[in-house]
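S.K.: Here you go, this is protein.txt (compact mmCIF, C-alpha atoms).
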# COMPACT_ATOMS: atom_id res chain seq x y z
CA MET A 239 34.00 -3.65 -29.02
CA ASP A 240 31.76 -6.67 -28.52
CA PRO A 241 28.67 -5.36 -26.68
CA ALA A 242 28.79 -8.36 -24.41
CA ASN A 243 32.24 -7.25 -23.21
CA GLN A 244 31.42 -3.58 -22.77
CA PRO A 245 31.68 -2.51 -19.16
CA SER A 246 28.32 -1.65 -17.63
CA LEU A 247 27.79 2.03 -16.85
CA PRO A 248 27.88 3.00 -13.22
CA VAL A 249 24.53 3.81 -11.70
CA VAL A 250 25.92 7.19 -10.70
CA HIS A 251 28.58 8.97 -12.74
CA LEU A 252 29.60 12.52 -11.84
CA ARG A 253 32.47 14.53 -13.18
CA GLY A 254 32.98 18.11 -12.11
CA ALA A 255 29.38 18.28 -10.94
CA VAL A 256 28.38 21.72 -9.71
CA ALA A 257 25.07 22.41 -7.98
CA LEU A 258 24.12 25.93 -7.00
CA LEU A 259 21.68 26.79 -4.23
CA GLY A 260 20.96 30.37 -5.18
CA ARG A 261 24.46 31.61 -5.85
CA PHE A 262 26.12 29.31 -3.33
CA PRO A 263 27.98 26.33 -4.84
CA ALA A 264 26.73 23.59 -2.55
CA LEU A 265 28.46 21.10 -4.82
CA ALA A 266 31.61 22.64 -6.24
CA GLY A 267 32.97 19.98 -8.54
CA VAL A 268 32.15 16.44 -7.42
CA ASP A 269 33.67 13.43 -9.12
CA LEU A 270 32.37 10.00 -8.28
CA ASP A 271 31.17 6.72 -9.67
CA ILE A 272 28.81 4.38 -7.88
CA GLU A 273 28.38 0.91 -9.29
CA ALA A 274 25.15 -1.01 -9.37
CA ARG A 275 24.09 -2.89 -6.24
CA SER A 276 26.50 -0.88 -4.09
CA ILE A 277 25.90 0.58 -0.69
CA ALA A 278 27.69 3.92 -0.91
CA VAL A 279 28.04 5.88 2.32
CA VAL A 280 28.58 9.61 2.01
CA ARG A 281 30.26 11.22 4.95
CA GLY A 282 31.51 14.68 5.74
CA ALA A 283 31.17 17.53 8.17
CA ASN A 284 27.99 19.60 8.46
CA GLY A 285 27.67 21.75 5.36
CA ALA A 286 29.94 19.54 3.27
CA GLY A 287 27.20 18.98 0.69
CA LYS A 288 25.90 15.52 1.62
CA THR A 289 22.22 16.41 1.46
CA THR A 290 22.72 18.47 -1.67
CA LEU A 291 24.45 15.52 -3.30
CA LEU A 292 21.52 13.25 -2.51
CA ARG A 293 18.98 15.82 -3.74
CA THR A 294 21.02 16.31 -6.90
CA LEU A 295 21.06 12.58 -7.58
CA ALA A 296 17.28 12.61 -7.10
CA GLY A 297 16.96 15.20 -9.86
CA LEU A 298 15.71 17.89 -7.51
CA VAL A 299 18.60 20.33 -7.92
CA PRO A 300 19.88 21.78 -11.20
CA VAL A 301 23.42 20.56 -11.89
CA SER A 302 26.12 21.34 -14.41
CA GLY A 303 29.13 19.34 -15.49
CA VAL A 304 28.71 15.65 -16.17
CA ALA A 305 25.97 13.96 -14.16
CA ASN A 306 24.36 10.67 -15.10
CA VAL A 307 22.10 8.69 -12.81
CA LEU A 308 20.53 5.44 -13.97
CA GLY A 309 21.49 6.42 -17.50
CA VAL A 310 19.65 9.74 -17.28
CA ASP A 311 21.54 12.94 -18.06
CA LEU A 312 20.71 15.09 -15.02
CA VAL A 313 22.10 18.23 -16.61
CA HIS A 314 19.38 18.28 -19.28
CA HIS A 315 16.71 15.80 -18.21
CA ARG A 316 16.79 15.63 -14.43
CA ARG A 317 13.00 15.23 -14.12
CA ASP A 318 13.22 11.89 -15.92
CA VAL A 319 15.08 10.23 -13.06
CA ARG A 320 12.63 11.17 -10.31
CA ASN A 321 10.20 8.30 -10.60
CA ARG A 322 13.06 5.79 -10.49
CA VAL A 323 14.61 6.91 -7.23
CA GLY A 324 13.40 6.79 -3.64
CA PHE A 325 14.52 9.69 -1.48
CA LEU A 326 14.38 9.62 2.31
CA SER A 327 14.82 13.22 3.34
CA SER A 328 15.86 14.52 6.75
CA GLN A 329 12.31 15.92 6.92
CA SER A 330 9.39 13.54 7.10
CA GLY A 331 7.70 14.41 3.78
CA LEU A 332 4.40 13.43 5.44
CA TYR A 333 1.11 15.20 6.08
CA ASP A 334 0.74 15.60 9.84
CA ASP A 335 -3.07 15.66 9.81
CA LEU A 336 -3.35 12.41 7.84
CA THR A 337 -2.93 8.99 9.38
CA VAL A 338 -0.06 6.62 8.68
CA ILE A 339 -2.17 4.55 6.30
CA ASP A 340 -3.52 7.66 4.54
CA ASN A 341 -0.01 8.97 3.97
CA ILE A 342 1.34 5.68 2.70
CA ASN A 343 -1.66 5.13 0.43
CA PHE A 344 -1.40 8.63 -0.98
CA TRP A 345 2.32 8.46 -1.76
CA THR A 346 1.99 4.92 -3.10
CA ARG A 347 -0.82 5.88 -5.46
CA ALA A 348 0.97 9.08 -6.46
CA ALA A 349 3.98 7.02 -7.51
CA GLY A 350 1.81 4.49 -9.31
CA ALA A 351 3.19 1.77 -7.06
CA ASP A 352 1.52 -1.52 -6.20
CA PRO A 353 -0.64 -1.28 -3.05
CA ALA A 354 0.59 -4.75 -2.10
CA ASP A 355 4.11 -3.33 -1.85
CA ALA A 356 2.80 -0.66 0.50
CA GLU A 357 1.21 -3.29 2.73
CA ARG A 358 4.41 -5.29 2.74
CA ALA A 359 6.43 -2.20 3.63
CA MET A 360 4.08 -1.39 6.50
CA GLU A 361 4.39 -4.93 7.80
CA LEU A 362 8.18 -4.92 7.63
CA LEU A 363 8.38 -1.55 9.35
CA GLU A 364 5.85 -2.57 12.00
CA LEU A 365 3.35 0.09 11.02
CA ASP A 366 0.38 -2.18 10.37
CA GLY A 367 -0.78 -2.54 13.95
CA ARG A 368 -1.93 0.15 16.32
CA LEU A 369 -0.01 2.88 14.49
CA ARG A 370 -1.89 2.40 11.24
CA ASP A 371 -4.70 4.82 12.04
CA VAL A 372 -2.72 7.32 14.09
CA ARG A 373 -2.22 10.80 12.72
CA VAL A 374 1.38 11.34 11.70
CA GLY A 375 1.58 14.52 13.74
CA ARG A 376 1.17 12.43 16.89
CA LEU A 377 3.96 9.98 16.08
CA SER A 378 7.40 10.00 17.62
CA THR A 379 10.39 10.97 15.48
CA GLY A 380 11.32 7.34 15.01
CA GLN A 381 7.80 6.33 14.03
CA LYS A 382 7.66 9.14 11.47
CA ARG A 383 10.98 7.98 10.09
CA ARG A 384 9.66 4.47 9.64
CA THR A 385 6.56 5.82 7.92
CA SER A 386 8.71 7.87 5.53
CA LEU A 387 10.83 4.81 4.86
CA ALA A 388 7.71 2.77 4.11
CA CYS A 389 6.74 5.34 1.48
CA VAL A 390 10.17 4.93 -0.12
CA MET A 391 10.07 1.13 0.04
CA ALA A 392 6.64 0.90 -1.54
CA ARG A 393 7.99 2.59 -4.69
CA ARG A 394 10.55 -0.19 -5.21
CA PRO A 395 13.07 2.36 -6.50
CA GLU A 396 16.16 1.39 -8.46
CA LEU A 397 18.22 3.89 -6.48
CA TRP A 398 17.68 4.54 -2.78
CA LEU A 399 18.86 7.92 -1.52
CA LEU A 400 18.78 7.98 2.27
CA ASP A 401 19.64 11.12 4.22
CA GLU A 402 20.61 10.10 7.75
CA PRO A 403 18.34 7.04 7.74
CA HIS A 404 19.22 6.03 11.30
CA ALA A 405 18.44 9.42 12.82
CA GLY A 406 15.74 9.29 15.47
CA LEU A 407 15.56 5.50 15.53
CA ASP A 408 16.20 3.21 18.46
CA GLN A 409 18.53 0.23 18.25
CA ASP A 410 15.86 -2.07 16.83
CA GLY A 411 14.86 0.54 14.31
CA ARG A 412 18.44 1.00 13.15
CA ASP A 413 18.89 -2.74 12.76
CA LEU A 414 15.67 -2.79 10.75
CA VAL A 415 16.95 -0.08 8.42
CA ASP A 416 20.20 -1.96 7.90
CA ASN A 417 18.33 -5.12 7.00
CA LEU A 418 16.08 -3.25 4.60
CA VAL A 419 19.10 -1.72 2.89
CA LYS A 420 20.71 -5.14 2.48
CA ASP A 421 17.46 -6.61 1.16
CA ALA A 422 17.08 -3.75 -1.32
CA VAL A 423 20.56 -4.33 -2.70
CA ALA A 424 19.97 -8.06 -2.85
CA ALA A 425 16.86 -7.32 -4.92
CA GLY A 426 18.93 -5.28 -7.38
CA ALA A 427 18.76 -1.73 -6.08
CA THR A 428 21.64 0.62 -5.34
CA VAL A 429 21.79 2.57 -2.11
CA VAL A 430 23.46 5.90 -1.40
CA MET A 431 23.19 7.08 2.16
CA SER A 432 24.61 9.89 4.20
CA SER A 433 25.36 9.20 7.79
CA HIS A 434 27.13 10.54 10.83
CA GLU A 435 27.00 7.07 12.39
CA LEU A 436 30.28 5.89 10.99
CA ASP A 437 30.58 2.54 12.72
CA ARG A 438 27.16 1.34 11.68
CA SER A 439 27.24 2.77 8.18
CA LEU A 440 30.76 1.59 7.42
CA ALA A 441 29.73 -1.92 8.44
CA LEU A 442 27.15 -1.78 5.64
CA ALA A 443 29.12 0.12 3.05
CA THR A 444 30.77 -1.27 -0.04
CA GLN A 445 31.95 2.24 -0.95
CA VAL A 446 32.75 5.35 1.06
CA ILE A 447 32.58 8.88 -0.31
CA THR A 448 33.93 11.75 1.73
CA LEU A 449 32.79 15.27 0.90
CA GLY A 450 34.34 18.48 2.04
CA GLY A 451 33.42 22.00 0.95
CA GLY A 452 31.18 20.65 -1.76
CA THR A 453 33.86 18.57 -3.42
CA THR A 454 34.96 14.99 -3.21
CA LEU A 455 37.85 14.64 -0.84
CA LEU A 456 37.85 10.89 -1.11
CA GLY A 457 35.55 9.25 -3.58
CA GLY A 458 34.79 5.73 -4.68
CA ASP A 459 36.86 4.14 -1.97
CA ASP A 460 35.92 0.52 -1.86
CA VAL A 461 35.63 -0.84 1.61
CA ALA A 462 37.58 -4.02 2.04
CA MET B 289 -2.63 10.92 -15.96
CA MET B 290 -3.61 14.55 -15.40
CA TRP B 291 -7.04 13.65 -14.05
CA ARG B 292 -5.67 10.80 -11.95
CA SER B 293 -3.25 13.25 -10.32
CA ALA B 294 -6.05 15.79 -9.88
CA ARG B 295 -8.30 13.24 -8.13
CA LEU B 296 -5.48 12.20 -5.80
CA ILE B 297 -4.59 15.76 -4.82
CA ALA B 298 -8.21 16.91 -4.41
CA GLY B 299 -9.07 13.82 -2.38
CA LYS B 300 -6.04 14.25 -0.16
CA ASP B 301 -6.72 17.96 0.44
CA LEU B 302 -10.39 17.45 1.25
CA ARG B 303 -9.49 14.60 3.59
CA LEU B 304 -6.95 16.89 5.29
CA GLU B 305 -9.57 19.59 5.69
CA TRP B 306 -12.12 17.09 7.01
CA ARG B 307 -9.63 15.85 9.60
CA SER B 308 -8.39 19.26 10.72
CA ARG B 309 -11.63 21.27 10.32
CA VAL B 310 -9.61 24.48 10.04
CA GLY B 311 -12.09 25.90 7.52
CA MET B 312 -15.08 25.31 9.74
CA ASN B 313 -13.47 26.10 13.07
CA GLN B 314 -11.31 29.08 12.17
CA VAL B 315 -11.85 30.44 8.69
CA LEU B 316 -15.65 30.59 8.74
CA PRO B 317 -15.86 32.25 12.17
CA PHE B 318 -13.39 34.84 10.90
CA ALA B 319 -15.67 35.60 7.95
CA ALA B 320 -18.68 35.75 10.25
CA VAL B 321 -16.88 38.25 12.49
CA VAL B 322 -16.08 40.36 9.42
CA LEU B 323 -19.77 40.36 8.41
CA VAL B 324 -20.90 41.35 11.88
CA MET B 325 -18.34 44.15 12.04
CA PHE B 326 -19.51 45.47 8.68
CA ALA B 327 -23.08 45.38 9.98
CA PHE B 328 -22.13 47.43 13.03
CA ALA B 329 -20.07 49.87 10.97
CA LEU B 330 -22.78 50.49 8.38
CA ASN B 331 -25.83 50.66 10.65
CA PRO B 332 -28.08 47.65 10.14
CA ASP B 333 -31.20 49.79 10.00
CA SER B 334 -30.07 51.83 7.04
CA ASP B 335 -30.46 51.10 3.35
CA LEU B 336 -26.72 51.43 2.96
CA LEU B 337 -26.05 48.00 4.42
CA GLN B 338 -28.51 46.30 2.09
CA LYS B 339 -27.07 48.11 -0.91
CA ALA B 340 -23.56 47.13 0.13
CA THR B 341 -24.45 43.47 0.77
CA PRO B 342 -23.17 42.05 -2.55
CA GLY B 343 -19.84 43.81 -2.22
CA LEU B 344 -19.43 42.89 1.43
CA PHE B 345 -20.24 39.26 0.68
CA TRP B 346 -17.60 38.99 -2.04
CA VAL B 347 -14.96 40.87 -0.07
CA SER B 348 -15.53 38.35 2.71
CA VAL B 349 -15.19 35.54 0.16
CA LEU B 350 -11.86 36.97 -0.95
CA PHE B 351 -10.65 36.98 2.66
CA LEU B 352 -11.76 33.35 2.95
CA ALA B 353 -9.90 32.54 -0.26
CA LEU B 354 -6.69 34.14 0.98
CA THR B 355 -6.83 32.10 4.17
CA THR B 356 -7.71 28.87 2.37
CA VAL B 357 -5.03 29.23 -0.30
CA GLY B 358 -2.43 30.34 2.23
CA ARG B 359 -3.12 27.36 4.44
CA THR B 360 -3.06 24.76 1.68
CA PHE B 361 0.28 25.92 0.33
CA SER B 362 1.73 26.31 3.79
CA ILE B 363 1.03 22.60 4.29
CA GLU B 364 2.57 21.67 0.93
CA SER B 365 5.78 23.57 1.68
CA SER B 366 6.31 22.10 5.14
CA GLU B 367 8.13 18.92 6.19
CA GLY B 368 9.87 18.52 2.82
CA ILE B 369 6.56 17.71 1.14
CA SER B 370 7.36 19.83 -1.91
CA ASP B 371 10.32 17.56 -2.70
CA SER B 372 8.12 14.49 -2.25
CA ILE B 373 5.52 15.95 -4.61
CA ARG B 374 8.15 16.55 -7.29
CA LEU B 375 9.50 13.04 -6.88
CA SER B 376 6.08 11.44 -6.83
CA GLY B 377 5.39 11.39 -10.55
CA LEU B 378 2.21 13.44 -10.17
CA GLU B 379 1.51 15.54 -13.25
CA PRO B 380 1.97 19.24 -12.43
CA SER B 381 -1.17 20.08 -14.41
CA GLY B 382 -3.03 17.46 -12.39
CA PHE B 383 -1.64 18.87 -9.15
CA PHE B 384 -2.90 22.30 -10.22
CA LEU B 385 -6.38 21.02 -11.11
CA GLY B 386 -6.57 19.03 -7.89
CA LYS B 387 -5.78 22.14 -5.90
CA VAL B 388 -8.36 24.17 -7.85
CA ILE B 389 -10.98 21.51 -7.15
CA SER B 390 -10.19 21.23 -3.44
CA ILE B 391 -9.96 24.99 -2.90
CA GLY B 392 -13.11 25.46 -4.97
CA VAL B 393 -15.10 22.89 -2.97
CA GLN B 394 -13.98 24.42 0.33
CA LEU B 395 -14.88 27.91 -0.88
CA LEU B 396 -18.29 26.77 -2.15
CA ILE B 397 -19.18 25.29 1.23
CA LEU B 398 -18.01 28.42 3.01
CA GLU B 399 -19.89 30.65 0.53
CA VAL B 400 -23.14 28.79 1.15
CA LEU B 401 -22.76 29.23 4.90
CA LEU B 402 -21.70 32.84 4.46
CA GLY B 403 -24.71 33.41 2.22
CA ILE B 404 -27.03 32.17 4.94
CA GLY B 405 -25.35 34.55 7.36
CA VAL B 406 -25.71 37.46 4.96
CA THR B 407 -29.38 36.70 4.37
CA VAL B 408 -30.07 36.65 8.10
CA LEU B 409 -27.81 39.50 9.24
CA TYR B 410 -28.30 41.88 6.35
CA ARG B 411 -31.90 40.91 5.57
CA ALA B 412 -30.96 40.37 1.95
CA SER B 413 -33.65 38.87 -0.27
CA PRO B 414 -31.98 36.69 -2.85
CA ALA B 415 -33.85 36.27 -6.11
CA GLU B 416 -32.93 35.21 -9.64
CA TRP B 417 -31.41 31.97 -8.43
CA PRO B 418 -29.94 30.90 -11.80
CA LEU B 419 -27.93 34.13 -11.95
CA LEU B 420 -26.95 33.85 -8.30
CA LEU B 421 -25.78 30.25 -8.59
CA SER B 422 -23.95 30.90 -11.87
CA THR B 423 -22.13 33.81 -10.26
CA VAL B 424 -21.06 31.68 -7.34
CA GLY B 425 -19.89 28.86 -9.61
CA VAL B 426 -17.93 30.90 -12.13
CA ALA B 427 -16.42 33.26 -9.57
CA THR B 428 -15.34 30.37 -7.36
CA VAL B 429 -13.55 28.66 -10.25
CA GLY B 430 -11.73 31.89 -11.10
CA ILE B 431 -10.76 32.58 -7.49
CA ALA B 432 -9.56 28.99 -6.97
CA ALA B 433 -7.54 28.94 -10.19
CA ALA B 434 -5.87 32.31 -9.67
CA GLY B 435 -5.37 31.51 -5.99
CA THR B 436 -3.64 28.23 -6.82
CA LEU B 437 -1.31 29.87 -9.32
CA TYR B 438 -0.33 32.73 -7.06
CA GLY B 439 -0.20 30.46 -4.03
CA MET B 440 2.56 28.51 -5.77
CA VAL B 441 4.34 31.75 -6.73
CA ALA B 442 4.22 32.85 -3.09
CA VAL B 443 5.67 29.50 -1.94
CA SER B 444 8.90 30.26 -3.76
CA LEU B 445 9.27 33.56 -1.94
CA ARG B 446 10.46 33.71 1.61
CA VAL B 447 7.77 36.14 2.81
CA ARG B 448 4.84 34.21 1.39
CA GLU B 449 2.42 35.07 4.23
CA THR B 450 2.53 38.77 3.35
CA ILE B 451 3.18 38.51 -0.37
CA LEU B 452 0.14 36.37 -1.20
CA PRO B 453 -2.48 39.09 -0.50
CA LEU B 454 -0.38 41.62 -2.40
CA LEU B 455 -0.18 39.33 -5.43
CA LEU B 456 -3.64 37.85 -5.40
CA LEU B 457 -6.06 40.61 -4.40
CA PRO B 458 -5.28 42.96 -7.31
CA VAL B 459 -5.57 40.04 -9.73
CA LEU B 460 -8.99 39.14 -8.35
CA THR B 461 -10.39 42.64 -8.82
CA PRO B 462 -12.28 41.66 -12.02
CA VAL B 463 -13.92 38.81 -10.11
CA LEU B 464 -14.84 41.12 -7.24
CA ILE B 465 -16.39 43.66 -9.59
CA GLY B 466 -18.14 41.11 -11.77
CA SER B 467 -19.53 39.01 -8.95
CA THR B 468 -20.71 42.06 -7.03
CA ARG B 469 -22.52 43.49 -10.06
CA ALA B 470 -24.06 40.12 -10.87
CA PHE B 471 -25.25 39.71 -7.28
CA GLU B 472 -26.73 43.23 -7.36
CA ALA B 473 -28.59 42.32 -10.53
CA ALA B 474 -29.87 39.14 -8.89
CA ILE B 475 -31.06 40.98 -5.77
CA ASN B 476 -32.63 43.80 -7.83
CA GLU B 477 -34.25 41.22 -10.15
CA THR B 478 -32.61 42.71 -13.24
CA PRO B 479 -30.86 39.60 -14.55
CA ALA B 480 -30.14 41.13 -17.95
CA ASP B 481 -27.64 43.38 -16.17
CA GLY B 482 -25.94 40.45 -14.53
CA TRP B 483 -25.26 37.92 -17.27
CA PRO B 484 -22.61 39.97 -19.11
CA TRP B 485 -20.59 39.95 -15.88
CA ILE B 486 -20.84 36.16 -15.79
CA GLY B 487 -19.30 36.18 -19.26
CA LEU B 488 -16.41 38.35 -18.07
CA MET B 489 -15.73 36.09 -15.12
CA ALA B 490 -15.94 33.01 -17.32
CA VAL B 491 -13.17 34.42 -19.53
CA PHE B 492 -11.11 35.22 -16.44
CA SER B 493 -11.60 31.69 -15.11
CA PHE B 494 -10.76 30.10 -18.47
CA VAL B 495 -7.54 32.11 -18.76
CA TYR B 496 -6.34 31.17 -15.30
CA VAL B 497 -7.28 27.51 -15.60
CA ALA B 498 -5.45 27.31 -18.95
CA ALA B 499 -2.44 29.17 -17.56
CA GLY B 500 -2.31 26.78 -14.65
CA ILE B 501 -2.59 23.63 -16.74
CA PHE B 502 0.23 24.69 -19.05
CA GLY B 503 2.43 26.72 -16.71
CA PHE B 504 2.22 25.07 -13.30
CA GLY B 505 5.09 22.68 -13.94
CA ALA B 506 7.55 25.54 -14.29
CA LEU B 507 6.28 27.13 -11.07
CA MET B 508 6.70 23.86 -9.18
CA GLU B 509 10.31 23.60 -10.28
CA ASP B 510 11.05 27.10 -9.04
CA SER B 511 9.42 26.56 -5.63
Show me the file's structure as structure tokens.

M.R.:
Amino acid sequence: MDPANQPSLPVVHLRGAVALLGRFPALAGVDLDIEARSIAVVRGANGAGKTTLLRTLAGLVPVSGVANVLGVDLVHHRRDVRNRVGFLSSQSGLYDDLTVIDNINFWTRAAGADPADAERAMELLELDGRLRDVRVGRLSTGQKRRTSLACVMARRPELWLLDEPHAGLDQDGRDLVDNLVKDAVAAGATVVMSSHELDRSLALATQVITLGGGTTLLGGDDVA
Amino acid sequence: MMWRSARLIAGKDLRLEWRSRVGMNQVLPFAAVVLVMFAFALNPDSDLLQKATPGLFWVSVLFLALTTVGRTFSIESSEGISDSIRLSGLEPSGFFLGKVISIGVQLLILEVLLGIGVTVLYRASPAEWPLLLSTVGVATVGIAAAGTLYGMVAVSLRVRETILPLLLLPVLTPVLIGSTRAFEAAINETPADGWPWIGLMAVFSFVYVAAGIFGFGALMEDS
């Protein structure tokens, strides 16, 4: 086949993906494809495997079956994908006794990212004013969330993995997250996010994935 | 890459300690209380206390090390930070060295302050400073390296607060023996008796530093 006519590989390609947490199959055979520059929303009840799916795509959880993310075979080389993804966990991932700027600088330097991107992220997330030198432990939940998101943004990841990104944010904060997601996709990234806020997330989504019991109940549904 | 990661981790940890002052405000007073209690228990007017000074000093240092290592890994395993570390691109060997450096620096500062306390409380007369300082340096590296390795092992276990002393203290027995004997030689002004123990502790430190550099990545994945 002419290489120019070959279909591009999906950013995420899973077939029969199984991820064990201890002996528990948190993912028990997931099939899904996520194309580049998509906004894929993962929904499901508590315990359906949404967070495990995101952590698996980040290369944090051993997986069997077929699992390719950004061209990396997660089954055998999952560490290789880690510096190409940005993962917003449900936990802050921040050091409470360091300030906002200390945290962002540390995670930016750790990732080898450009400090200018960190400054830009802080500006967009309104962290460059009075909050800059506040210890993270003293921030509100929403302010911590924005700080965590700034750390993700500064990495300029190819794949954004967002676990409940709107949780803890006020209306303005949620609108901000939505705009950042759209900007990231416009810049070439792909976004996979889990959310219980169906109305808001479905308004963003180009694809909806429904998990249940660790498997895909409905996967790859394009949103009209 | 390894040294860049080490500098980042050490800098971050020392900044954390500077901000929180847990070492100065909690850990050091604990060690001071231990020293005072030993003094009461062993009668400060007797020779026994002075003879036991090297051993008491290094037992106190081991208690300090347990607290310091436990605290640093408790921080790293909270708030999802362990996932962020694995995603960050930091070299595991650099993470290990950074932890050894930060734990080592904190222990050195605490040991100096503890040493002043021992000199005053126990009326110890330190001599043979080269032997004394070498003992402190080599023992601290060994304690920090072994502590970092076993601290990470304990993180992966659910009862890490109780398992860390059980794992680490037996492993540090050679350091306790060697450093105590070397200190005794320094106080008794018989340095020839002390230097072989420095050699033993140097081998111990080398083994644990090497084990950490090459094996820490696997431990991080299992945490």

S.K.: Dump as a VMD selection string the residues of chain A that approach chain B to within 6 Å, counting only C-alpha atoms.

M.R.: chain A and resid 320 to 321 329 to 331 348 to 349

S.K.: Once you count all atoms listed in the file, which residues end up no further than 9 Å from (-23.9, 37.4, -10.1) in the file's frame, shown as a ChimeraX atom specification?

M.R.: /B:342,419-424,427,466-474,479,482-483,485-486

S.K.: Leaving out region 381-383 of chain A and any residue of its chain fewer than 2 positions from it, which residues lie within 8 Å of it when counting only C-alpha atoms, given as a list in words?

M.R.: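 Residues near the query, excluding close chain neighbours: Ser330, Val374, Leu377, Ser378, Thr379, Thr385, Ser386, Leu387, Pro403, Gly406 and Leu407 of chain A.
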
S.K.: Keeping only C-alpha atoms, write the selected residues to a file as an mmCIF file, in the frame of the given file.

M.R.:
data_model
loop_
_atom_site.group_PDB
_atom_site.id
_atom_site.type_symbol
_atom_site.label_atom_id
_atom_site.label_comp_id
_atom_site.auth_asym_id
_atom_site.auth_seq_id
_atom_site.Cartn_x
_atom_site.Cartn_y
_atom_site.Cartn_z
ATOM 1 C CA SER A 330 9.390 13.540 7.100
ATOM 2 C CA VAL A 374 1.380 11.340 11.700
ATOM 3 C CA LEU A 377 3.960 9.980 16.080
ATOM 4 C CA SER A 378 7.400 10.000 17.620
ATOM 5 C CA THR A 379 10.390 10.970 15.480
ATOM 6 C CA THR A 385 6.560 5.820 7.920
ATOM 7 C CA SER A 386 8.710 7.870 5.530
ATOM 8 C CA LEU A 387 10.830 4.810 4.860
ATOM 9 C CA PRO A 403 18.340 7.040 7.740
ATOM 10 C CA GLY A 406 15.740 9.290 15.470
ATOM 11 C CA LEU A 407 15.560 5.500 15.530
#

S.K.: With only C-alpha atoms as the atoms that count, which of A:Val249, A:Leu362, A:Ala427, A:Leu259 lies nearest to Gly287 (chain A)?

M.R.: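 Closest residue, counting only C-alpha atoms: A:Leu259.
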
S.K.: Return the single residue from B:Ala434, B:Ile465, B:Pro453, B:Ile391 that is closest to Pro484 (chain B), with distances computed using only C-alpha atoms.

M.R.: B:Ile465

S.K.: For Leu395 (chain B), list every protein, DNA or RNA residue within 8 Å, evaluated using only C-alpha atoms, and leave out those in the same chain fewer than 5 positions away; present the list as number ranges by chain.

M.R.: B: 349, 352-353, 356, 428

S.K.: Any idea what's packed within 6 Å of Gly382 (chain B), counting all atoms listed in the file, ignoring anything in its chain fewer than 3 positions away? Could you give it as a PyMOL selection string?

M.R.: chain B and resi 290-291+293-294+379+385-386

S.K.: In Å, how far is it from CA of Leu258 (chain A) to CA of Thr290 (chain A)?

M.R.: 9.3 Å

S.K.: Please compute the CA of His314 (chain A)-CA of Cys389 (chain A) distance, one decimal, in Å.

M.R.: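 Distance reported for this atom pair: 27.5 Å.
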
S.K.: Nearest to Ala296 (chain A): which of A:Gly411, A:Gly375, A:Gly367, A:Gly324 is it, counting all atoms listed in the file?

M.R.: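 Checking each of A:Gly411, A:Gly375, A:Gly367, A:Gly324 against Ala296 (chain A), counting all atoms listed in the file, the winner is A:Gly324.
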
S.K.: Can you put N, CA, C and O atoms back into region 376-384 of chain A and show it as a PDB file, in the coordinates of the input?

M.R.:
ATOM      1  N   ARG A 376       1.104  12.938  15.515  1.00  0.00           N
ATOM      2  CA  ARG A 376       1.170  12.430  16.890  1.00  0.00           C
ATOM      3  C   ARG A 376       2.247  11.371  17.059  1.00  0.00           C
ATOM      4  O   ARG A 376       2.404  10.829  18.155  1.00  0.00           O
ATOM      5  N   LEU A 377       2.943  11.026  15.990  1.00  0.00           N
ATOM      6  CA  LEU A 377       3.960   9.980  16.080  1.00  0.00           C
ATOM      7  C   LEU A 377       5.246  10.539  16.665  1.00  0.00           C
ATOM      8  O   LEU A 377       5.528  11.733  16.581  1.00  0.00           O
ATOM      9  N   SER A 378       6.049   9.620  17.190  1.00  0.00           N
ATOM     10  CA  SER A 378       7.400  10.000  17.620  1.00  0.00           C
ATOM     11  C   SER A 378       8.274  10.180  16.382  1.00  0.00           C
ATOM     12  O   SER A 378       7.888   9.813  15.263  1.00  0.00           O
ATOM     13  N   THR A 379       9.456  10.744  16.602  1.00  0.00           N
ATOM     14  CA  THR A 379      10.390  10.970  15.480  1.00  0.00           C
ATOM     15  C   THR A 379      10.723   9.656  14.783  1.00  0.00           C
ATOM     16  O   THR A 379      10.723   9.570  13.545  1.00  0.00           O
ATOM     17  N   GLY A 380      10.961   8.638  15.579  1.00  0.00           N
ATOM     18  CA  GLY A 380      11.320   7.340  15.010  1.00  0.00           C
ATOM     19  C   GLY A 380      10.180   6.716  14.217  1.00  0.00           C
ATOM     20  O   GLY A 380      10.379   6.123  13.153  1.00  0.00           O
ATOM     21  N   GLN A 381       8.962   6.879  14.725  1.00  0.00           N
ATOM     22  CA  GLN A 381       7.800   6.330  14.030  1.00  0.00           C
ATOM     23  C   GLN A 381       7.561   7.068  12.711  1.00  0.00           C
ATOM     24  O   GLN A 381       7.207   6.461  11.691  1.00  0.00           O
ATOM     25  N   LYS A 382       7.778   8.378  12.722  1.00  0.00           N
ATOM     26  CA  LYS A 382       7.660   9.140  11.470  1.00  0.00           C
ATOM     27  C   LYS A 382       8.697   8.667  10.465  1.00  0.00           C
ATOM     28  O   LYS A 382       8.423   8.536   9.262  1.00  0.00           O
ATOM     29  N   ARG A 383       9.893   8.419  10.973  1.00  0.00           N
ATOM     30  CA  ARG A 383      10.980   7.980  10.090  1.00  0.00           C
ATOM     31  C   ARG A 383      10.615   6.667   9.411  1.00  0.00           C
ATOM     32  O   ARG A 383      10.854   6.484   8.216  1.00  0.00           O
ATOM     33  N   ARG A 384      10.045   5.759  10.206  1.00  0.00           N
ATOM     34  CA  ARG A 384       9.660   4.470   9.640  1.00  0.00           C
ATOM     35  C   ARG A 384       8.534   4.648   8.616  1.00  0.00           C
ATOM     36  O   ARG A 384       8.504   3.943   7.600  1.00  0.00           O
TER      37      ARG A 384
END
